[in-house]
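Just below is one structure, and these are the notes that go with it.
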Protein chains: 2
Amino acid sequence: MTMGGPAPFSRIVVLGTGLIGGSFALAVRRHFPEVEIVGWDRAEVLERARACGAITHGSLQLVEVLRGAELVYLALPVGTILEMLPAVARGVEHTALVTDAGSTKAAILRLSRVVFRNEAHTPYFVGGHPLTGKETAGIAHAEAELFRGAKYALIGSGENVDDRVARLLRLLEALGAVPVWMDAETHDWAVAIISHLPQMAAVALARVVADETDETGLPLKLAGRGLRETLRLAGSPYEIWRDIALTNTDNLARALDRLAQAVDHLRTRLATHELRDEFEAANEVYKILRQFE
Amino acid sequence: MTMGGPAPFSRIVVLGTGLIGGSFALAVRRHFPEVEIVGWDRAEVLERARACGAITHGSLQLVEVLRGAELVYLALPVGTILEMLPAVARGVEHTALVTDAGSTKAAILRLSRVVFRNEAHTPYFVGGHPLTGKETAGIAHAEAELFRGAKYALIGSGENVDDRVARLLRLLEALGAVPVWMDAETHDWAVAIISHLPQMAAVALARVVADETDETGLPLKLAGRGLRETLRLAGSPYEIWRDIALTNTDNLARALDRLAQAVDHLRTRLATHELRDEFEAANEVYKILRQFE
């Protein structure tokens with residue numbers, strides 16, 4: 001645990017205190033115990049968030065929680081963020097910074113340009129996306145170190161940032177996150193490849209396993225730890241992915257098209273020496289991923 | 001540790017003392033310490049196998065190790081098993097049982113019918129495949145409990161088995177393995193779906209990630225723990241998979257064809273409610289896999 005100097009914000013509002021919002025709140029409180037963190041969510045979620053020390057207090061009234069907030073952190077499904085953003089823009093102080101942790105960025109950025117002016121003496125919006133998470137959602141799984149070592153996409157050039165954004169950067173770095181600036185379109189294409197495509201590949205693979213399993217229980221009954229680990233993502237609930245598929249449809253469709261091509265490429269090369277090239281390229285990717293540990 | 005009564009075999013030869021052969025030997029010695037286990041492999045592998053207590057002694061001479069063996073356990077790549085099977089059949093006692101742990105079974109069974117008569121007073125062959133393993137090969141990673149809880153495919157009907165096969169069953173069950181009888185063609189189709197297809201899917205996914213990563217390092221540099229875990233199989237070496245792809249080409253090609261169809265099915269349904277059905281089918285498969293824990 002490292003202290004990050006004086007807290008960059010003294011009153012933070014977290015809209016949605018589930019896995020990401022709850023972990024953000026826990027992390028802020030660990031590093032800056034003096035910060036007041038107000039949660040907004042369903043009553044039972046707020047109760048759990050308060051009990052585990054993630055928030056100092058909670059409220060069900062959006063208008064009330066936004067009053068006096070210096071930083072508003074939206075940690076909700078993309079569809080809910082899109083629904084709430086206009087009301088948030090209307091309700092916050094003109095000195096506030098609003099940011100989000102939504103999984104796709106282009107749709108949110110398009111709307112944010114309509115509802116925020118991003119000028120001095122007006123509320124400021126910056127889009128974000130922590131590349132972290134777990135298979136298990138909810139405040140019960142939140143942890144203060146979830147952001148440590150994780151890439152944190154921020155939307156923009158990263159040049160000449162507003163003072164409020166500079167303070168957010170300082171906060172994120174104190175939490176151990178690694179900010180990476182990019183535009184919304186680049187972000188959405190990148191996550192289509194590294195996050196959304198692996199999810200859909202697991203769903204497709206599970207579909208083949210299900211379709212091929214007959215009344216004898218084979219082939220599924222022969223499976224063990226290996227397939228379970230490989231299909232871990234197949235356990236993800238649709239609710240989390242619906243908004244992602246709806247707001248990143250074109251990128252994801254293109255990524256799935258590339259995957260189908262790669263699968264077909266392998267299919268026609270199984271009994272040839274070219275299969276070695278495919279394995280070596282895959283080994284190289286895995287080697288790079290291991291360096292991130 | 002449970003003792004399995006008197007040892008079903010008093011002298012076992014393990015051909016190939018890597019991860020599977022070494023783990024088999026360690027497990028046998030833990031449960032039946034009185035059994036003599038002779039290893040056959042490269043000199044440096046035998047030295048490590050002896051040092052960790054997997055084998056009682058080792059030899060580089062096949063003819064010599066086969067003499068007096070009651071059980072011969074081939075734990076080698078499928079291609080090497082195919083190369084060695086005729087010499088093993090010629091070299092073993094007429095009372096011996098020969099079995100293998102090869103990843104595909106049809107090619108091995110075809111050859112075994114030529115070189116073994118499977119009658120009284122002749123050496124007997126039964127094909128097998130423990131559905132276990134690790135990403136990391138070699139004797140250094142062998143462990144005595146690798147077979148515990150693992151399905152162990154045995155090729156045949158399982159009815160009226162030869163006494164030698166009955167003793168192998170007793171041995172495998174003492175090691176904690178769960179024998180499952182099936183024919184070679186059913187086995188090879190089943191492993192194409194649950195083992196070989198997930199491997200190829202990881203290689204294909206890694207290929208897309210590699211192809212899409214540009215000079216800025218994106219999207220790969222945005223990845224973290226999640227993608228690393230998903231692409232764990234992309235780290236597997238070609239050498240292990242070459243023989244599998246060569247001896248299960250048709251099944252694997254058919255499985256890859258089904259996967260390409262499933263990927264395409266998802267692609268055209270991203271923005272529809274049908275995506276929910278696909279996720280629910282995947283959730284169901286994962287639920288069944290978790291029951292195996």
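Lettering and numbering for the structure tokens are positional, with chains as A, B, ... in the shown order, residues counted from 1 in each chain, and ligands counted from 1 in the shown order.
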Report as CSV: every residue of chain B with an atom at most 6 Å from chain A, its closest pair of atoms, and their distance in Å to one decimal, counting only C-alpha atoms, with rows sorted by chain and ascending residue number.
```
residue,atom,partner,partner_atom,distance
B:Ala190,CA,A:Pro219,CA,4.5
B:Val203,CA,A:Ala282,CA,5.3
B:Ala204,CA,A:Ala262,CA,5.1
B:Ala206,CA,A:Ala282,CA,5.1
B:Pro219,CA,A:Ala190,CA,4.5
B:Arg228,CA,A:Leu289,CA,5.6
B:Ala234,CA,A:Ala282,CA,5.1
B:Gly235,CA,A:Asn283,CA,4.7
B:Tyr238,CA,A:Phe279,CA,5.6
B:Ala245,CA,A:Leu270,CA,5.6
B:Leu246,CA,A:Ala271,CA,5.3
B:Ala253,CA,A:Arg267,CA,5.2
B:Ala260,CA,A:Ala260,CA,5.0
B:Ala262,CA,A:Ala204,CA,5.1
B:Val263,CA,A:Ala204,CA,5.6
B:Arg267,CA,A:Ala253,CA,5.1
B:Leu270,CA,A:Ala245,CA,5.6
B:Ala271,CA,A:Leu246,CA,5.3
B:Arg276,CA,A:Tyr238,CA,5.8
B:Phe279,CA,A:Tyr238,CA,5.6
B:Ala282,CA,A:Ala206,CA,5.1
B:Asn283,CA,A:Gly235,CA,4.7
B:Tyr286,CA,A:Gly235,CA,5.5
B:Leu289,CA,A:Arg228,CA,5.6
```
Taking 5 positions as the minimum chain separation for residues in the same chain, which residues sit within 9 Å of Ala144 of chain A when counting only C-alpha atoms? Answer as a list in words.
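Close residues of Ala144 of chain A: Gly22, Ser23, Phe24, Ala25, Leu26, Ala27, Val28, Arg29, Arg30, Ala54 and Leu175 of chain A.
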Mind dumping the selected residues with C-alpha atoms as a PDB file, in the first residue's frame?
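What follows is the written file out02.pdb:
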```pdb
ATOM      1  CA  GLY A  22     -17.098  -1.534  -5.697  1.00  0.00           C
ATOM      2  CA  SER A  23     -13.456  -2.360  -6.390  1.00  0.00           C
ATOM      3  CA  PHE A  24     -12.777   1.243  -7.468  1.00  0.00           C
ATOM      4  CA  ALA A  25     -14.347   2.496  -4.232  1.00  0.00           C
ATOM      5  CA  LEU A  26     -12.429   0.003  -2.071  1.00  0.00           C
ATOM      6  CA  ALA A  27      -9.169   0.962  -3.787  1.00  0.00           C
ATOM      7  CA  VAL A  28      -9.751   4.699  -3.364  1.00  0.00           C
ATOM      8  CA  ARG A  29     -10.567   4.242   0.320  1.00  0.00           C
ATOM      9  CA  ARG A  30      -7.454   2.125   0.865  1.00  0.00           C
ATOM     10  CA  ALA A  54     -16.383   0.380  -0.103  1.00  0.00           C
ATOM     11  CA  LEU A 175      -4.539   2.642  -7.534  1.00  0.00           C
TER      12      LEU A 175
END
```
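If you measure from each of B:Gly79, B:Gly156, B:Gly18, B:Gly128 to Thr99 of chain B using only C-alpha atoms, the closest one turns out to be B:Gly128.
Atom pair atom CA of Gly39 of chain A / atom CA of Val78 of chain A has a distance of 18.3 Å (rounded to one decimal).
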For segment 107-118 of chain B, list every protein, DNA or RNA residue within 12 Å, evaluated using only C-alpha atoms, and leave out those in the same chain fewer than 4 positions away; present the list as number ranges by chain.
B: 74, 76-92, 94-103, 122-129, 154-156, 161-165, 183-185, 187-188, 243-244, 246-249
If you run DSSP over the backbone, which residues in segment 193-248 of chain A end up helix (DSSP H, G or I)? Put them as an MDAnalysis selection string.
chainID A and resid 193:212 220:222 225:230 232:235 238:247
Those same residues - N, CA and C atoms - I'd like them written as a CSV table (one decimal), in the first residue's frame.
```
chain,number,residue,atom,x,y,z
A,193,ILE,N,-11.1,-7.4,-30.4
A,193,ILE,CA,-10.1,-8.5,-30.7
A,193,ILE,C,-9.7,-9.2,-29.4
A,194,ILE,N,-9.3,-8.5,-28.4
A,194,ILE,CA,-8.7,-9.1,-27.2
A,194,ILE,C,-9.7,-9.5,-26.1
A,195,SER,N,-10.9,-9.0,-26.2
A,195,SER,CA,-11.9,-9.3,-25.1
A,195,SER,C,-13.2,-9.9,-25.7
A,196,HIS,N,-13.8,-9.2,-26.7
A,196,HIS,CA,-15.1,-9.7,-27.1
A,196,HIS,C,-15.0,-10.9,-28.0
A,197,LEU,N,-14.0,-11.0,-28.8
A,197,LEU,CA,-13.8,-12.2,-29.7
A,197,LEU,C,-13.5,-13.4,-28.9
A,198,PRO,N,-12.6,-13.4,-27.9
A,198,PRO,CA,-12.4,-14.6,-27.1
A,198,PRO,C,-13.7,-15.1,-26.4
A,199,GLN,N,-14.5,-14.1,-26.0
A,199,GLN,CA,-15.8,-14.5,-25.4
A,199,GLN,C,-16.7,-15.2,-26.3
A,200,MET,N,-16.8,-14.7,-27.6
A,200,MET,CA,-17.7,-15.3,-28.6
A,200,MET,C,-17.1,-16.6,-29.0
A,201,ALA,N,-15.8,-16.7,-29.1
A,201,ALA,CA,-15.1,-18.0,-29.5
A,201,ALA,C,-15.5,-19.1,-28.5
A,202,ALA,N,-15.5,-18.7,-27.2
A,202,ALA,CA,-15.9,-19.7,-26.1
A,202,ALA,C,-17.3,-20.1,-26.3
A,203,VAL,N,-18.2,-19.2,-26.6
A,203,VAL,CA,-19.6,-19.5,-26.8
A,203,VAL,C,-19.8,-20.4,-28.0
A,204,ALA,N,-19.1,-20.1,-29.1
A,204,ALA,CA,-19.2,-21.0,-30.3
A,204,ALA,C,-18.6,-22.4,-30.0
A,205,LEU,N,-17.5,-22.5,-29.3
A,205,LEU,CA,-16.9,-23.8,-29.0
A,205,LEU,C,-17.9,-24.6,-28.1
A,206,ALA,N,-18.5,-23.9,-27.2
A,206,ALA,CA,-19.5,-24.6,-26.3
A,206,ALA,C,-20.6,-25.1,-27.1
A,207,ARG,N,-21.0,-24.3,-28.1
A,207,ARG,CA,-22.2,-24.7,-29.0
A,207,ARG,C,-21.8,-26.0,-29.7
A,208,VAL,N,-20.6,-26.1,-30.3
A,208,VAL,CA,-20.2,-27.3,-31.0
A,208,VAL,C,-20.2,-28.5,-30.0
A,209,VAL,N,-19.6,-28.3,-28.8
A,209,VAL,CA,-19.6,-29.4,-27.8
A,209,VAL,C,-21.0,-29.8,-27.5
A,210,ALA,N,-21.9,-28.9,-27.3
A,210,ALA,CA,-23.3,-29.2,-27.0
A,210,ALA,C,-24.0,-30.0,-28.1
A,211,ASP,N,-23.8,-29.4,-29.3
A,211,ASP,CA,-24.5,-30.1,-30.5
A,211,ASP,C,-24.0,-31.5,-30.8
A,212,GLU,N,-22.7,-31.7,-30.5
A,212,GLU,CA,-22.1,-33.1,-30.7
A,212,GLU,C,-22.4,-34.1,-29.6
A,220,LEU,N,-19.0,-35.0,-24.2
A,220,LEU,CA,-18.8,-34.1,-23.0
A,220,LEU,C,-18.4,-34.9,-21.7
A,221,LYS,N,-18.9,-36.1,-21.6
A,221,LYS,CA,-18.6,-36.9,-20.3
A,221,LYS,C,-17.1,-37.3,-20.2
A,222,LEU,N,-16.4,-37.2,-21.4
A,222,LEU,CA,-15.0,-37.5,-21.3
A,222,LEU,C,-14.1,-36.3,-20.9
A,225,ARG,N,-10.8,-31.2,-16.4
A,225,ARG,CA,-10.2,-29.9,-16.0
A,225,ARG,C,-9.9,-29.0,-17.2
A,226,GLY,N,-9.2,-29.7,-18.2
A,226,GLY,CA,-8.7,-28.9,-19.4
A,226,GLY,C,-9.8,-28.2,-20.1
A,227,LEU,N,-10.9,-28.9,-20.5
A,227,LEU,CA,-12.0,-28.2,-21.2
A,227,LEU,C,-12.7,-27.2,-20.3
A,228,ARG,N,-12.8,-27.5,-19.0
A,228,ARG,CA,-13.5,-26.5,-18.1
A,228,ARG,C,-12.7,-25.2,-18.1
A,229,GLU,N,-11.4,-25.3,-18.0
A,229,GLU,CA,-10.6,-24.1,-18.0
A,229,GLU,C,-10.7,-23.3,-19.3
A,230,THR,N,-10.7,-24.1,-20.4
A,230,THR,CA,-10.7,-23.5,-21.7
A,230,THR,C,-12.1,-22.8,-22.0
A,232,ARG,N,-14.0,-21.5,-19.6
A,232,ARG,CA,-14.4,-20.6,-18.5
A,232,ARG,C,-15.3,-19.5,-18.9
A,233,LEU,N,-14.9,-18.8,-20.0
A,233,LEU,CA,-15.7,-17.7,-20.5
A,233,LEU,C,-17.2,-18.1,-20.9
A,234,ALA,N,-17.3,-19.4,-21.2
A,234,ALA,CA,-18.7,-19.8,-21.6
A,234,ALA,C,-19.7,-19.7,-20.5
A,235,GLY,N,-19.2,-19.5,-19.3
A,235,GLY,CA,-20.0,-19.3,-18.1
A,235,GLY,C,-20.5,-17.9,-17.9
A,238,TYR,N,-25.3,-13.7,-20.4
A,238,TYR,CA,-25.7,-12.9,-21.6
A,238,TYR,C,-25.9,-11.4,-21.2
A,239,GLU,N,-26.4,-11.2,-20.0
A,239,GLU,CA,-26.8,-9.8,-19.6
A,239,GLU,C,-25.6,-8.8,-19.7
A,240,ILE,N,-24.4,-9.4,-19.4
A,240,ILE,CA,-23.2,-8.5,-19.4
A,240,ILE,C,-22.8,-8.2,-20.9
A,241,TRP,N,-23.1,-9.2,-21.8
A,241,TRP,CA,-22.6,-9.1,-23.1
A,241,TRP,C,-23.6,-8.5,-24.1
A,242,ARG,N,-24.8,-8.5,-23.8
A,242,ARG,CA,-25.9,-7.9,-24.7
A,242,ARG,C,-25.5,-6.5,-25.1
A,243,ASP,N,-25.2,-5.6,-24.2
A,243,ASP,CA,-24.9,-4.2,-24.5
A,243,ASP,C,-23.6,-4.1,-25.3
A,244,ILE,N,-22.6,-5.0,-25.0
A,244,ILE,CA,-21.4,-5.0,-25.7
A,244,ILE,C,-21.6,-5.4,-27.2
A,245,ALA,N,-22.4,-6.4,-27.4
A,245,ALA,CA,-22.7,-6.9,-28.8
A,245,ALA,C,-23.5,-5.8,-29.5
A,246,LEU,N,-24.3,-5.1,-28.8
A,246,LEU,CA,-25.2,-4.1,-29.5
A,246,LEU,C,-24.4,-2.8,-29.8
A,247,THR,N,-23.4,-2.5,-29.0
A,247,THR,CA,-22.7,-1.2,-29.2
A,247,THR,C,-21.3,-1.4,-29.9
```
When you look at segment 50-53 of chain A with a cut-off of 9 Å (counting only C-alpha atoms), what residues show up, excluding the ones that are within fewer than 2 positions of it in the same chain? I need them as a compact mmCIF listing (two decimals) with N, CA and C atoms, in the first residue's frame.
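Saved result, selection-v7.txt, follows:
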```txt
# COMPACT_ATOMS: atom_id res chain seq x y z
N ALA A 25 -14.09 1.83 -5.52
CA ALA A 25 -14.35 2.50 -4.23
C ALA A 25 -13.43 1.94 -3.13
N LEU A 26 -13.31 0.62 -3.08
CA LEU A 26 -12.43 0.00 -2.07
C LEU A 26 -10.99 0.48 -2.24
N ARG A 29 -10.55 4.12 -1.14
CA ARG A 29 -10.57 4.24 0.32
C ARG A 29 -9.29 3.69 0.94
N GLY A 39 -22.24 5.98 -2.71
CA GLY A 39 -22.67 5.00 -3.71
C GLY A 39 -24.11 5.20 -4.12
N VAL A 45 -27.64 -3.70 -2.75
CA VAL A 45 -26.24 -3.60 -3.19
C VAL A 45 -25.52 -2.53 -2.37
N LEU A 46 -26.21 -1.40 -2.16
CA LEU A 46 -25.61 -0.33 -1.36
C LEU A 46 -25.31 -0.80 0.06
N GLU A 47 -26.21 -1.61 0.60
CA GLU A 47 -26.03 -2.10 1.97
C GLU A 47 -24.76 -2.95 2.06
N ARG A 48 -24.57 -3.82 1.05
CA ARG A 48 -23.36 -4.66 1.03
C ARG A 48 -22.10 -3.81 0.83
N ILE A 55 -18.04 2.08 0.41
CA ILE A 55 -18.60 3.44 0.37
C ILE A 55 -18.81 3.96 1.79
N THR A 56 -18.75 5.29 1.92
CA THR A 56 -19.03 5.86 3.24
C THR A 56 -20.52 5.89 3.49
N HIS A 57 -21.31 6.21 2.45
CA HIS A 57 -22.76 6.05 2.55
C HIS A 57 -23.37 5.92 1.17
N GLY A 58 -24.62 5.53 1.13
CA GLY A 58 -25.29 5.32 -0.15
C GLY A 58 -26.60 6.06 -0.22
N ILE A 139 -20.74 -6.91 -6.05
CA ILE A 139 -19.98 -6.31 -4.96
C ILE A 139 -19.31 -7.36 -4.09
N ALA A 140 -19.92 -8.56 -4.00
CA ALA A 140 -19.35 -9.62 -3.16
C ALA A 140 -17.95 -10.01 -3.62
```
In Å to one decimal, how far is atom CA of Trp40 of chain B from atom CA of Arg11 of chain B?
13.5 Å
Quick one: pick out all strand (DSSP E) residues within segment 132-189 of chain B from a backbone DSSP run and write them as a compact mmCIF listing (two decimals) with N, CA and C atoms, in the first residue's frame.
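Saved file result.txt follows:
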```
# COMPACT_ATOMS: atom_id res chain seq x y z
N LYS B 151 -10.86 -39.10 -16.33
CA LYS B 151 -11.42 -40.15 -17.17
C LYS B 151 -10.25 -40.85 -17.88
N TYR B 152 -10.39 -42.19 -18.04
CA TYR B 152 -9.33 -42.96 -18.69
C TYR B 152 -10.01 -43.81 -19.76
N ALA B 153 -9.91 -43.37 -21.02
CA ALA B 153 -10.55 -44.11 -22.11
C ALA B 153 -9.81 -45.42 -22.34
N LEU B 154 -10.57 -46.52 -22.44
CA LEU B 154 -10.01 -47.83 -22.80
C LEU B 154 -10.78 -48.31 -24.02
N ILE B 155 -10.06 -48.88 -24.97
CA ILE B 155 -10.69 -49.20 -26.25
C ILE B 155 -11.18 -50.65 -26.23
N VAL B 178 -10.75 -43.02 -13.78
CA VAL B 178 -12.13 -43.48 -14.01
C VAL B 178 -12.20 -44.09 -15.42
N PRO B 179 -12.07 -45.42 -15.53
CA PRO B 179 -12.08 -46.05 -16.86
C PRO B 179 -13.42 -45.89 -17.57
N VAL B 180 -13.34 -45.58 -18.87
CA VAL B 180 -14.53 -45.45 -19.71
C VAL B 180 -14.25 -46.24 -21.00
N TRP B 181 -15.06 -47.28 -21.25
CA TRP B 181 -14.85 -48.11 -22.45
C TRP B 181 -15.53 -47.52 -23.67
N MET B 182 -14.84 -47.57 -24.81
CA MET B 182 -15.45 -47.10 -26.07
C MET B 182 -14.62 -47.64 -27.24
```
